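File shown here: protein_27.csv, holding CSV, C-alpha atoms.
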```csv
chain,number,residue,atom,x,y,z
A,1,MET,CA,-32.5,7.2,4.7
A,2,VAL,CA,-30.8,10.6,3.9
A,3,ARG,CA,-30.2,11.1,7.6
A,4,ALA,CA,-28.7,7.7,7.9
A,5,LEU,CA,-26.4,8.3,5.0
A,6,ALA,CA,-25.3,11.7,6.4
A,7,GLY,CA,-23.7,10.1,9.4
A,8,ASN,CA,-22.4,6.8,7.9
A,9,LEU,CA,-19.2,7.1,5.9
A,10,PHE,CA,-19.3,3.4,5.0
A,11,ALA,CA,-22.7,3.7,3.5
A,12,GLN,CA,-21.7,6.8,1.6
A,13,VAL,CA,-18.7,5.0,0.1
A,14,VAL,CA,-20.8,2.0,-1.0
A,15,LEU,CA,-23.3,4.3,-2.6
A,16,ALA,CA,-20.6,6.3,-4.4
A,17,THR,CA,-19.1,3.0,-5.7
A,18,VAL,CA,-22.4,1.8,-7.1
A,19,LEU,CA,-23.3,5.1,-8.7
A,20,GLY,CA,-19.8,5.5,-10.1
A,21,LEU,CA,-19.8,2.0,-11.6
A,22,GLY,CA,-23.2,2.6,-13.2
A,23,ALA,CA,-22.3,6.1,-14.5
A,24,GLY,CA,-19.0,4.7,-16.0
A,25,LEU,CA,-20.9,2.0,-17.9
A,26,PHE,CA,-23.9,3.9,-19.1
A,27,PHE,CA,-22.5,7.5,-19.3
A,28,PRO,CA,-18.8,7.1,-20.2
A,29,ALA,CA,-18.6,10.7,-21.5
A,30,LEU,CA,-19.1,11.8,-17.9
A,31,ALA,CA,-15.6,10.6,-17.1
A,32,ASP,CA,-14.0,13.8,-18.5
A,33,ASP,CA,-16.1,15.9,-16.1
A,34,VAL,CA,-15.5,14.0,-12.9
A,35,GLY,CA,-11.9,13.0,-13.1
A,36,TRP,CA,-11.0,16.0,-11.0
A,37,MET,CA,-12.8,14.6,-8.0
A,38,THR,CA,-10.3,11.8,-7.4
A,39,ALA,CA,-7.4,14.1,-8.2
A,40,LEU,CA,-8.7,16.6,-5.6
A,41,PHE,CA,-9.2,13.9,-3.0
A,42,MET,CA,-5.6,12.5,-3.4
A,43,ARG,CA,-4.1,16.0,-3.4
A,44,LEU,CA,-5.8,16.8,-0.1
A,45,ILE,CA,-4.4,13.5,1.3
A,46,ILE,CA,-0.9,14.2,0.1
A,47,MET,CA,-1.2,17.7,1.6
A,48,ALA,CA,-1.8,16.4,5.1
A,49,VAL,CA,-0.4,12.9,5.4
A,50,GLY,CA,3.3,13.8,5.3
A,51,PRO,CA,3.3,16.3,8.2
A,52,LEU,CA,1.0,14.0,10.2
A,53,LEU,CA,3.2,11.0,9.6
A,54,PHE,CA,6.3,12.9,10.7
A,55,CYS,CA,4.6,13.9,13.9
A,56,ILE,CA,3.3,10.4,14.7
A,57,VAL,CA,6.7,8.7,14.1
A,58,THR,CA,8.7,11.3,16.0
A,59,LEU,CA,6.3,11.2,19.0
A,60,GLY,CA,6.2,7.4,18.8
A,61,ILE,CA,10.0,7.3,19.2
A,62,LEU,CA,9.9,9.8,22.0
A,63,GLY,CA,7.2,7.8,23.7
A,64,ALA,CA,9.1,4.5,23.4
A,65,GLY,CA,11.3,5.6,26.4
A,66,SER,CA,14.7,4.6,25.0
A,67,LEU,CA,16.4,4.2,21.7
A,68,LYS,CA,17.1,0.6,22.5
A,69,THR,CA,13.3,0.0,22.4
A,70,VAL,CA,13.0,1.8,19.1
A,71,GLY,CA,15.9,-0.3,17.6
A,72,ARG,CA,14.3,-3.6,18.9
A,73,LEU,CA,10.9,-2.8,17.5
A,74,GLY,CA,12.3,-1.5,14.2
A,75,GLY,CA,14.5,-4.6,13.8
A,76,GLN,CA,11.7,-7.0,14.5
A,77,ALA,CA,9.5,-5.1,12.1
A,78,LEU,CA,12.1,-5.3,9.3
A,79,LEU,CA,12.6,-9.0,9.9
A,80,TYR,CA,8.9,-9.7,9.8
A,81,PHE,CA,8.4,-7.6,6.6
A,82,GLU,CA,11.2,-9.4,4.8
A,83,ILE,CA,10.0,-12.9,5.8
A,84,MET,CA,6.5,-12.2,4.7
A,85,THR,CA,7.3,-10.5,1.4
A,86,THR,CA,9.8,-13.2,0.4
A,87,LEU,CA,7.3,-15.9,1.3
A,88,ALA,CA,4.6,-14.2,-0.7
A,89,LEU,CA,6.8,-13.7,-3.7
A,90,GLY,CA,8.2,-17.3,-3.7
A,91,VAL,CA,4.7,-18.9,-3.4
A,92,ALA,CA,3.4,-16.7,-6.3
A,93,VAL,CA,6.2,-17.8,-8.6
A,94,LEU,CA,5.7,-21.5,-7.7
A,95,VAL,CA,2.0,-21.4,-8.3
A,96,ALA,CA,2.3,-19.4,-11.6
A,97,MET,CA,4.9,-21.9,-12.9
A,98,GLY,CA,2.9,-24.9,-11.8
A,99,LEU,CA,-0.3,-23.6,-13.5
A,100,GLY,CA,1.6,-22.3,-16.6
A,101,ILE,CA,-0.3,-19.1,-16.7
A,102,GLY,CA,0.2,-17.1,-19.9
A,103,ARG,CA,1.0,-20.1,-22.1
A,104,GLY,CA,-0.7,-20.0,-25.5
A,105,VAL,CA,-1.1,-16.3,-25.6
A,106,GLY,CA,1.6,-15.9,-28.2
A,107,PHE,CA,2.0,-12.2,-27.7
A,108,VAL,CA,4.3,-10.4,-30.1
A,109,PRO,CA,4.9,-6.7,-29.1
A,110,THR,CA,4.5,-4.1,-31.8
A,111,ALA,CA,6.3,-0.8,-32.2
A,112,GLU,CA,3.1,0.9,-30.9
A,113,ASP,CA,3.2,-1.2,-27.8
A,114,ALA,CA,6.9,-0.3,-27.3
A,115,ARG,CA,6.0,3.4,-27.5
A,116,MET,CA,3.1,3.0,-25.1
A,117,ILE,CA,5.3,1.4,-22.5
A,118,ALA,CA,8.3,3.7,-23.0
A,119,SER,CA,7.3,6.1,-20.2
A,120,TYR,CA,7.1,3.2,-17.7
A,121,GLY,CA,10.4,1.9,-18.9
A,122,ASP,CA,12.1,5.3,-18.4
A,123,HIS,CA,10.8,5.5,-14.8
A,124,ALA,CA,11.9,1.9,-14.2
A,125,GLN,CA,15.4,2.6,-15.5
A,126,ASN,CA,15.7,5.5,-13.1
A,127,LEU,CA,14.4,3.4,-10.3
A,128,ARG,CA,17.1,0.7,-10.5
A,129,ALA,CA,19.9,2.5,-12.2
A,130,GLY,CA,21.8,2.9,-8.9
A,131,GLY,CA,21.3,-0.6,-7.7
A,132,ILE,CA,21.5,-1.2,-3.9
A,133,SER,CA,23.6,2.0,-3.4
A,134,GLY,CA,21.0,4.0,-5.3
A,135,PHE,CA,18.2,2.6,-3.2
A,136,LEU,CA,20.1,3.4,0.0
A,137,LEU,CA,20.8,7.0,-1.2
A,138,SER,CA,17.1,7.4,-2.1
A,139,LEU,CA,16.1,6.9,1.5
A,140,VAL,CA,17.6,10.2,2.5
A,141,PRO,CA,15.9,13.4,1.1
A,142,ARG,CA,18.1,16.2,-0.2
A,143,THR,CA,16.0,18.5,2.0
A,144,PRO,CA,13.2,17.7,4.4
A,145,ALA,CA,11.0,20.0,2.3
A,146,GLU,CA,11.5,17.8,-0.8
A,147,ALA,CA,10.4,14.7,1.1
A,148,PHE,CA,7.2,16.4,2.2
A,149,ALA,CA,6.5,18.0,-1.2
A,150,GLN,CA,6.8,14.7,-2.9
A,151,GLY,CA,4.9,12.8,-0.3
A,152,ASN,CA,7.7,10.2,-0.1
A,153,VAL,CA,6.7,8.1,2.9
A,154,LEU,CA,10.1,6.3,3.1
A,155,GLN,CA,12.1,9.6,3.2
A,156,ILE,CA,9.7,11.2,5.7
A,157,LEU,CA,10.1,8.1,7.9
A,158,VAL,CA,13.9,8.4,7.8
A,159,PHE,CA,13.8,12.1,8.6
A,160,ALA,CA,11.3,11.5,11.5
A,161,ILE,CA,13.5,8.7,12.9
A,162,PHE,CA,16.5,11.1,13.0
A,163,ALA,CA,14.4,13.9,14.5
A,164,GLY,CA,12.9,11.6,17.2
A,165,CYS,CA,16.3,10.1,18.1
A,166,CYS,CA,17.9,13.5,18.4
A,167,LEU,CA,15.0,15.0,20.4
A,168,SER,CA,15.1,12.1,22.8
A,169,GLY,CA,18.7,13.0,23.7
A,170,MET,CA,18.0,16.8,24.2
A,171,GLY,CA,16.1,16.4,27.4
A,172,GLU,CA,14.4,19.6,28.7
A,173,ARG,CA,16.0,21.7,25.9
A,174,GLY,CA,13.8,19.8,23.4
A,175,ALA,CA,10.6,20.1,25.4
A,176,PRO,CA,9.3,23.2,23.5
A,177,LEU,CA,9.8,21.4,20.2
A,178,VAL,CA,8.1,18.3,21.5
A,179,ARG,CA,5.0,20.4,22.5
A,180,LEU,CA,5.1,22.0,19.1
A,181,ILE,CA,5.1,18.7,17.4
A,182,GLU,CA,2.2,17.5,19.6
A,183,SER,CA,0.2,20.6,18.6
A,184,VAL,CA,1.0,20.1,14.9
A,185,SER,CA,0.0,16.4,15.2
A,186,GLU,CA,-3.4,17.4,16.7
A,187,LEU,CA,-3.9,20.0,13.9
A,188,PHE,CA,-3.3,17.5,11.1
A,189,SER,CA,-5.3,14.8,12.8
A,190,ARG,CA,-8.3,17.1,12.8
A,191,MET,CA,-7.5,18.1,9.2
A,192,MET,CA,-7.5,14.4,8.1
A,193,GLY,CA,-10.8,13.9,9.9
A,194,VAL,CA,-12.3,16.6,7.6
A,195,ILE,CA,-10.6,15.3,4.5
A,196,ILE,CA,-11.7,11.7,4.9
A,197,ARG,CA,-15.3,12.9,4.7
A,198,VAL,CA,-14.6,13.8,1.1
A,199,ALA,CA,-13.7,10.1,0.4
A,200,PRO,CA,-17.1,9.3,-1.3
A,201,LEU,CA,-16.4,12.1,-3.8
A,202,GLY,CA,-13.0,10.7,-4.7
A,203,VAL,CA,-14.4,7.1,-4.9
A,204,PHE,CA,-17.2,8.2,-7.2
A,205,GLY,CA,-14.7,10.0,-9.6
A,206,ALA,CA,-12.4,7.0,-9.6
A,207,MET,CA,-15.1,4.5,-10.4
A,208,VAL,CA,-16.5,6.6,-13.2
A,209,THR,CA,-13.2,7.2,-14.9
A,210,THR,CA,-11.8,3.7,-14.6
A,211,THR,CA,-15.0,2.0,-15.7
A,212,ALA,CA,-15.5,4.3,-18.7
A,213,ARG,CA,-11.8,3.9,-19.7
A,214,TYR,CA,-11.6,0.1,-19.5
A,215,GLY,CA,-15.1,-1.2,-19.6
A,216,LEU,CA,-16.0,-4.7,-18.3
A,217,GLU,CA,-15.4,-6.6,-21.5
A,218,THR,CA,-11.8,-5.5,-22.0
A,219,ILE,CA,-10.4,-7.9,-19.3
A,220,GLY,CA,-11.8,-11.0,-20.8
A,221,HIS,CA,-8.5,-12.3,-22.2
A,222,LEU,CA,-6.8,-11.7,-18.8
A,223,ALA,CA,-9.6,-13.0,-16.7
A,224,GLY,CA,-7.6,-16.1,-15.6
A,225,PHE,CA,-4.6,-14.0,-14.5
A,226,THR,CA,-6.8,-11.5,-12.6
A,227,ALA,CA,-8.9,-14.2,-11.0
A,228,LEU,CA,-5.9,-16.2,-9.9
A,229,TYR,CA,-4.3,-13.1,-8.4
A,230,PHE,CA,-7.4,-12.3,-6.5
A,231,LEU,CA,-7.5,-15.9,-5.3
A,232,LEU,CA,-3.9,-15.9,-4.1
A,233,VAL,CA,-4.2,-12.6,-2.3
A,234,GLY,CA,-7.4,-13.8,-0.7
A,235,LEU,CA,-5.7,-17.0,0.4
A,236,PHE,CA,-2.8,-15.1,1.8
A,237,ILE,CA,-5.1,-12.8,3.8
A,238,ILE,CA,-7.1,-15.7,5.2
A,239,GLY,CA,-4.3,-18.2,5.7
A,240,ALA,CA,-1.1,-16.2,6.6
A,241,LEU,CA,-2.6,-13.0,8.1
A,242,GLY,CA,-5.7,-14.6,9.5
A,243,GLY,CA,-3.6,-17.5,11.0
A,244,GLY,CA,-1.3,-14.9,12.6
A,245,LEU,CA,-4.2,-13.1,14.2
A,246,ARG,CA,-5.6,-16.3,15.6
A,247,LEU,CA,-2.2,-17.1,17.1
A,248,ALA,CA,-2.3,-13.7,18.7
A,249,GLY,CA,-5.8,-14.4,20.2
A,250,VAL,CA,-7.6,-12.1,17.8
A,251,SER,CA,-10.7,-12.9,15.8
A,252,PRO,CA,-9.9,-12.4,12.1
A,253,LEU,CA,-13.6,-11.8,11.1
A,254,ARG,CA,-14.1,-9.1,13.8
A,255,PHE,CA,-10.8,-7.6,13.0
A,256,ALA,CA,-11.8,-7.3,9.3
A,257,ARG,CA,-15.1,-5.8,10.2
A,258,TYR,CA,-13.5,-3.2,12.4
A,259,PHE,CA,-11.5,-1.9,9.4
A,260,ARG,CA,-14.4,-2.3,6.8
A,261,GLU,CA,-14.6,1.4,6.0
A,262,GLU,CA,-10.9,1.7,5.3
A,263,LEU,CA,-10.9,-1.5,3.3
A,264,LEU,CA,-13.6,-0.3,1.0
A,265,ILE,CA,-11.9,3.1,0.5
A,266,VAL,CA,-8.6,1.3,-0.3
A,267,ALA,CA,-10.4,-1.1,-2.7
A,268,THR,CA,-12.2,1.6,-4.7
A,269,THR,CA,-9.3,4.1,-4.9
A,270,THR,CA,-6.6,1.4,-5.2
A,271,ALA,CA,-4.5,3.5,-2.8
A,272,SER,CA,-3.9,3.2,0.9
A,273,ASP,CA,-2.4,6.7,1.7
A,274,ALA,CA,-5.9,8.0,2.3
A,275,VAL,CA,-6.6,5.7,5.3
A,276,LEU,CA,-3.1,5.8,6.9
A,277,PRO,CA,-4.1,8.2,9.8
A,278,SER,CA,-7.3,6.4,10.4
A,279,LEU,CA,-5.5,3.0,10.5
A,280,MET,CA,-3.0,4.3,13.1
A,281,THR,CA,-5.8,5.8,15.2
A,282,LYS,CA,-7.9,2.6,15.1
A,283,LEU,CA,-4.9,0.4,16.0
A,284,GLU,CA,-4.2,2.5,19.1
A,285,LYS,CA,-7.9,2.2,20.1
A,286,LEU,CA,-7.5,-1.6,19.7
A,287,GLY,CA,-4.9,-1.6,22.4
A,288,VAL,CA,-1.7,-1.6,20.3
A,289,GLU,CA,0.8,0.7,22.0
A,290,ARG,CA,1.4,4.1,20.3
A,291,GLN,CA,5.1,3.6,19.8
A,292,VAL,CA,4.5,0.2,18.1
A,293,VAL,CA,2.0,1.9,15.8
A,294,GLY,CA,4.2,4.9,15.1
A,295,ILE,CA,7.2,2.7,14.1
A,296,VAL,CA,5.7,-0.3,12.5
A,297,VAL,CA,2.8,1.1,10.4
A,298,PRO,CA,4.8,3.8,8.5
A,299,ALA,CA,7.7,1.4,7.8
A,300,GLY,CA,5.2,-1.2,6.7
A,301,TYR,CA,3.7,1.2,4.1
A,302,SER,CA,7.0,1.2,2.3
A,303,LEU,CA,8.5,-2.2,3.1
A,304,ASN,CA,5.6,-4.6,3.9
A,305,LEU,CA,4.0,-5.0,0.5
A,306,ASP,CA,2.9,-8.6,0.4
A,307,ALA,CA,0.3,-8.3,-2.3
A,308,LEU,CA,2.7,-6.4,-4.6
A,309,SER,CA,5.2,-9.3,-4.1
A,310,ILE,CA,2.5,-11.8,-5.2
A,311,TYR,CA,1.7,-9.6,-8.2
A,312,LEU,CA,5.3,-9.3,-9.3
A,313,GLY,CA,5.9,-13.1,-9.0
A,314,MET,CA,2.8,-13.9,-11.1
A,315,ALA,CA,3.3,-11.2,-13.6
A,316,VAL,CA,6.9,-12.1,-14.4
A,317,ILE,CA,6.0,-15.8,-15.1
A,318,PHE,CA,2.9,-14.8,-17.0
A,319,LEU,CA,4.8,-12.4,-19.3
A,320,ALA,CA,7.6,-15.0,-19.8
A,321,ASN,CA,5.0,-17.6,-20.9
A,322,ALA,CA,3.0,-15.1,-23.0
A,323,THR,CA,6.1,-14.1,-25.0
A,324,GLY,CA,7.5,-17.7,-25.2
A,325,THR,CA,10.5,-16.8,-23.1
A,326,HIS,CA,12.3,-19.6,-21.3
A,327,LEU,CA,13.6,-18.7,-17.9
A,328,THR,CA,16.5,-20.6,-16.3
A,329,ILE,CA,16.6,-21.2,-12.5
A,330,TRP,CA,19.3,-18.5,-12.3
A,331,GLN,CA,17.2,-16.0,-14.1
A,332,ILE,CA,14.2,-16.7,-11.9
A,333,ALA,CA,16.4,-16.3,-8.8
A,334,THR,CA,17.7,-13.0,-10.2
A,335,LEU,CA,14.1,-11.8,-10.8
A,336,LEU,CA,13.2,-12.7,-7.3
A,337,VAL,CA,16.0,-10.8,-5.7
A,338,THR,CA,15.4,-7.8,-8.0
A,339,ALA,CA,11.7,-7.7,-7.1
A,340,LEU,CA,12.5,-7.7,-3.4
A,341,VAL,CA,14.7,-4.6,-3.9
A,342,THR,CA,12.6,-2.7,-6.5
A,343,SER,CA,9.3,-3.1,-4.6
A,344,LYS,CA,10.6,-1.2,-1.5
A,345,GLY,CA,9.1,2.2,-1.3
A,346,ALA,CA,6.1,1.5,-3.7
A,347,HIS,CA,3.5,2.2,-1.0
A,348,GLY,CA,0.0,1.9,-2.5
A,349,ILE,CA,0.4,4.4,-5.3
A,350,PRO,CA,-2.1,3.7,-8.1
A,351,GLY,CA,-0.4,2.4,-11.3
A,352,PHE,CA,3.1,2.2,-9.7
A,353,ALA,CA,3.1,-1.6,-9.9
A,354,ILE,CA,3.8,-1.3,-13.7
A,355,VAL,CA,6.9,0.8,-13.0
A,356,ILE,CA,8.1,-1.7,-10.4
A,357,LEU,CA,7.4,-4.6,-12.8
A,358,ALA,CA,9.4,-2.8,-15.6
A,359,ALA,CA,12.3,-2.4,-13.2
A,360,THR,CA,12.1,-6.1,-12.2
A,361,LEU,CA,12.0,-7.3,-15.9
A,362,ALA,CA,15.0,-5.2,-16.7
A,363,SER,CA,17.2,-7.7,-14.8
A,364,VAL,CA,16.3,-10.4,-17.4
A,365,PRO,CA,16.3,-8.6,-20.8
A,366,SER,CA,15.2,-11.7,-22.7
A,367,ILE,CA,11.6,-10.8,-21.6
A,368,PRO,CA,10.5,-8.0,-24.0
A,369,PRO,CA,9.8,-4.9,-21.9
A,370,ALA,CA,7.0,-3.9,-24.3
A,371,SER,CA,5.1,-7.0,-23.2
A,372,LEU,CA,4.0,-5.0,-20.2
A,373,VAL,CA,1.3,-3.5,-22.4
A,374,ILE,CA,-0.6,-6.8,-21.9
A,375,LEU,CA,-1.2,-6.0,-18.2
A,376,LEU,CA,-2.0,-2.3,-18.6
A,377,ALA,CA,-5.6,-3.0,-19.4
A,378,VAL,CA,-6.2,-4.8,-16.1
A,379,ASP,CA,-3.7,-3.1,-13.9
A,380,TRP,CA,-6.5,-1.1,-12.1
A,381,PHE,CA,-8.5,-4.3,-11.5
A,382,ALA,CA,-5.4,-6.1,-10.2
A,383,GLY,CA,-4.8,-2.9,-8.2
A,384,ILE,CA,-7.9,-3.6,-6.1
A,385,ALA,CA,-6.5,-6.8,-4.7
A,386,ARG,CA,-3.0,-5.4,-4.6
A,387,ALA,CA,-4.1,-2.4,-2.4
A,388,VAL,CA,-6.3,-4.4,-0.2
A,389,GLY,CA,-3.7,-7.1,0.3
A,390,ASN,CA,-1.0,-4.6,1.2
A,391,PHE,CA,-3.3,-2.7,3.5
A,392,ALA,CA,-4.4,-5.9,5.3
A,393,GLY,CA,-0.8,-6.9,5.8
A,394,ASN,CA,-0.1,-3.5,7.4
A,395,CYS,CA,-3.2,-3.8,9.6
A,396,VAL,CA,-2.0,-7.2,11.0
A,397,ALA,CA,1.8,-6.5,11.3
A,398,PRO,CA,1.5,-4.1,14.3
A,399,VAL,CA,-0.8,-6.4,16.1
A,400,LEU,CA,1.5,-9.4,15.8
A,401,ILE,CA,4.6,-7.4,16.7
A,402,ALA,CA,2.8,-5.8,19.7
A,403,ALA,CA,1.6,-9.3,20.8
A,404,TRP,CA,5.2,-10.6,20.6
A,405,GLU,CA,6.5,-7.6,22.5
A,406,LYS,CA,3.7,-7.9,25.1
A,407,ARG,CA,2.6,-4.4,24.1
A,408,LEU,CA,-0.9,-5.4,23.2
A,409,ASP,CA,-3.9,-4.8,25.5
A,410,HIS,CA,-6.1,-7.8,24.9
A,411,THR,CA,-8.9,-6.5,27.1
A,412,LYS,CA,-9.0,-3.2,25.2
A,413,MET,CA,-9.0,-5.1,21.9
A,414,ALA,CA,-11.8,-7.4,22.9
A,415,GLU,CA,-13.9,-4.5,23.9
A,416,ALA,CA,-13.2,-2.6,20.7
A,417,LEU,CA,-13.9,-5.6,18.4
A,418,GLY,CA,-17.0,-6.7,20.4
A,419,ARG,CA,-18.8,-3.4,19.8
```

Structure rendered as structure tokens:
Amino acid sequence: MVRALAGNLFAQVVLATVLGLGAGLFFPALADDVGWMTALFMRLIIMAVGPLLFCIVTLGILGAGSLKTVGRLGGQALLYFEIMTTLALGVAVLVAMGLGIGRGVGFVPTAEDARMIASYGDHAQNLRAGGISGFLLSLVPRTPAEAFAQGNVLQILVFAIFAGCCLSGMGERGAPLVRLIESVSELFSRMMGVIIRVAPLGVFGAMVTTTARYGLETIGHLAGFTALYFLLVGLFIIGALGGGLRLAGVSPLRFARYFREELLIVATTTASDAVLPSLMTKLEKLGVERQVVGIVVPAGYSLNLDALSIYLGMAVIFLANATGTHLTIWQIATLLVTALVTSKGAHGIPGFAIVILAATLASVPSIPPASLVILLAVDWFAGIARAVGNFAGNCVAPVLIAAWEKRLDHTKMAEALGR
């Protein structure tokens, strides 16, 4: 059994999840001693994922053959992302309004609640203070080093696109740089292969600390909200994403099984950065062309956040009902547009959904910002579905776009999924 565990990352993650859950419930004091495990794992990921992402995107643009191809793929990806996130957000709002979630809670924020939520509000104010112009400016890092130091996927993506486009026009003069980037890509790919072996350690630490902090009984009053959210995300994955895969001639069940290790890591850590390199490698092995993967996946991590859109739509209506706030059609429309803007760039960072929600609520001041404290207790639990849903969307998007562009090797995919 020990030998089987030694070579099976999936089994190791499952075991770490079970042990972490039990330790958090029965030995909550242990949380203070193991919190460093998750922090260490995430720091290792941040250390390597930025340079690797830059190399993959740059080489993907160079491999596309022409800037026209890059523009077409990027345009189709952006159109796809916007349609899917808008659809997810709209359906979530309609379902939440139809079911009247949050009614009867009668929540009245206290001064202590306001102080607790203040830090989130400060971040939210900074996030939306510049409006559309501020968002556009935030896409460009002040220096490349700043983007890599902060692990800002969107800024790294923009810098990589510029580098790839410029290198593609340099011809032979850029060949030494291209070879250097290829070598750096190989280096960080190997590094990520080592880091991902530490995933069970990070998962164990995350499960212990979160279970000890929240416990299982603390989510009782929000069970309906959480269950409905899980249900909507599940239906979205099965209906929208699964339906898209079937149209592309891909078995949804085999596709999900192929990414089972990554899905479990994302679910337990509520973050998807850790599996970004693995996702891109596996998509290429499935027959999705490298340039499609290099352009669509990094962009999707920042712009294709379907599950986050569902969460924002539900949370806004829930908080409005919980605080007895009546929303007009115009206010709801304003919230929807704001949510579509503020959610961009929130790529699978644990706890960041509260900041995004605070920025969204700020567009309708009649909803007390301190009411966000209601959702703090279950944010991690909701984060499981949020992270899995966002990750699933970014698994499927490259396949659908590659199939549309006739850049999907169906034979290679059938062989990979059939093993």

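The neighbours of range 228-241 of chain A here are the residues that come within 7 Å of it, using only C-alpha atoms and leaving out any residue fewer than 5 positions away in the same chain; they are Ala307, Tyr311, Ala385, Gly389, Gly393 and Val396 of chain A.
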
Produce a file of the selected residues containing C-alpha atoms, as an mmCIF file, keeping the file's coordinate frame.
```cif
data_model
loop_
_atom_site.group_PDB
_atom_site.id
_atom_site.type_symbol
_atom_site.label_atom_id
_atom_site.label_comp_id
_atom_site.auth_asym_id
_atom_site.auth_seq_id
_atom_site.Cartn_x
_atom_site.Cartn_y
_atom_site.Cartn_z
ATOM 1 C CA ALA A 307 0.300 -8.300 -2.300
ATOM 2 C CA TYR A 311 1.700 -9.600 -8.200
ATOM 3 C CA ALA A 385 -6.500 -6.800 -4.700
ATOM 4 C CA GLY A 389 -3.700 -7.100 0.300
ATOM 5 C CA GLY A 393 -0.800 -6.900 5.800
ATOM 6 C CA VAL A 396 -2.000 -7.200 11.000
#
```

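Close contacts of Val14 in chain A, defined as residues with an atom at most 12 Å away when counting all atoms listed in the file, with chain neighbours fewer than 4 positions off set aside, comprise Leu5, Asn8, Leu9, Phe10, Val18, Leu19, Gly20, Leu21, Ala199, Pro200, Leu201, Val203, Phe204, Met207, Arg260, Glu261, Glu262, Leu263, Leu264, Ile265, Ala267 and Thr268 of chain A.
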
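Take CA of Ile181 in chain A and CA of Gln291 in chain A: the distance between them is 15.3 Å.
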
Identify, on the basis of all atoms listed in the file, every residue whose closest approach to Ser251 in chain A does not exceed 10 Å; exclude the query and any residue fewer than 4 positions from it along the same chain; express the result as number ranges by chain.
A: 242-243, 245-247, 255-256, 414, 417-418

For a quick check of understanding, using all atoms listed in the file, which of A:Val292, A:Ile196, A:Ala315, A:Gly249 has the smallest distance to Gln12 in chain A?
A:Ile196

Mind checking which residues fall within 12 Å of Leu73 in chain A, counting only C-alpha atoms, ignoring those fewer than 4 positions away in the same chain, and posting them as a PyMOL selection string?
chain A and resi 60-61+64+66-69+77-80+289+291-297+299+397-398+400-407

May I have the residues from that selection written out with C-alpha atoms, as an mmCIF file, in the coordinates of the input?
```cif
data_model
loop_
_atom_site.group_PDB
_atom_site.id
_atom_site.type_symbol
_atom_site.label_atom_id
_atom_site.label_comp_id
_atom_site.auth_asym_id
_atom_site.auth_seq_id
_atom_site.Cartn_x
_atom_site.Cartn_y
_atom_site.Cartn_z
ATOM 1 C CA GLY A 60 6.200 7.400 18.800
ATOM 2 C CA ILE A 61 10.000 7.300 19.200
ATOM 3 C CA ALA A 64 9.100 4.500 23.400
ATOM 4 C CA SER A 66 14.700 4.600 25.000
ATOM 5 C CA LEU A 67 16.400 4.200 21.700
ATOM 6 C CA LYS A 68 17.100 0.600 22.500
ATOM 7 C CA THR A 69 13.300 0.000 22.400
ATOM 8 C CA ALA A 77 9.500 -5.100 12.100
ATOM 9 C CA LEU A 78 12.100 -5.300 9.300
ATOM 10 C CA LEU A 79 12.600 -9.000 9.900
ATOM 11 C CA TYR A 80 8.900 -9.700 9.800
ATOM 12 C CA GLU A 289 0.800 0.700 22.000
ATOM 13 C CA GLN A 291 5.100 3.600 19.800
ATOM 14 C CA VAL A 292 4.500 0.200 18.100
ATOM 15 C CA VAL A 293 2.000 1.900 15.800
ATOM 16 C CA GLY A 294 4.200 4.900 15.100
ATOM 17 C CA ILE A 295 7.200 2.700 14.100
ATOM 18 C CA VAL A 296 5.700 -0.300 12.500
ATOM 19 C CA VAL A 297 2.800 1.100 10.400
ATOM 20 C CA ALA A 299 7.700 1.400 7.800
ATOM 21 C CA ALA A 397 1.800 -6.500 11.300
ATOM 22 C CA PRO A 398 1.500 -4.100 14.300
ATOM 23 C CA LEU A 400 1.500 -9.400 15.800
ATOM 24 C CA ILE A 401 4.600 -7.400 16.700
ATOM 25 C CA ALA A 402 2.800 -5.800 19.700
ATOM 26 C CA ALA A 403 1.600 -9.300 20.800
ATOM 27 C CA TRP A 404 5.200 -10.600 20.600
ATOM 28 C CA GLU A 405 6.500 -7.600 22.500
ATOM 29 C CA LYS A 406 3.700 -7.900 25.100
ATOM 30 C CA ARG A 407 2.600 -4.400 24.100
#
```

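With all atoms listed in the file taken into account, the protein and nucleic acid residues at most 8 Å from Leu157 in chain A (excluding it and anything under 5 positions from it in its own chain) are Leu53, Phe54, Val57, Pro298 and Ala299 of chain A.
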
With C-alpha atoms retained, write the just-selected residues as a PDB file, in the frame of the given file.
```pdb
ATOM      1  CA  LEU A  53       3.200  11.000   9.600  1.00  0.00           C
ATOM      2  CA  PHE A  54       6.300  12.900  10.700  1.00  0.00           C
ATOM      3  CA  VAL A  57       6.700   8.700  14.100  1.00  0.00           C
ATOM      4  CA  PRO A 298       4.800   3.800   8.500  1.00  0.00           C
ATOM      5  CA  ALA A 299       7.700   1.400   7.800  1.00  0.00           C
TER       6      ALA A 299
END
```

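Near (0.9, -21.8, -5.7), the residues inside the 12 Å limit, counting only C-alpha atoms, come to Leu87, Ala88, Leu89, Gly90, Val91, Ala92, Val93, Leu94, Val95, Ala96, Met97, Gly98, Leu99, Gly100, Ile101, Leu228, Tyr229, Leu231, Leu232, Val233, Leu235, Phe236, Ile310, Gly313 and Met314 of chain A.
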
Which residue, A:Val158, A:Arg103, A:Val250, A:Leu177, has the smallest gap to Phe318 in chain A when you use all atoms listed in the file?
A:Arg103

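Counting all atoms listed in the file, the residue from A:Leu303, A:Phe148, A:Leu59, A:Arg173 that sits nearest to Arg290 in chain A is A:Leu59.
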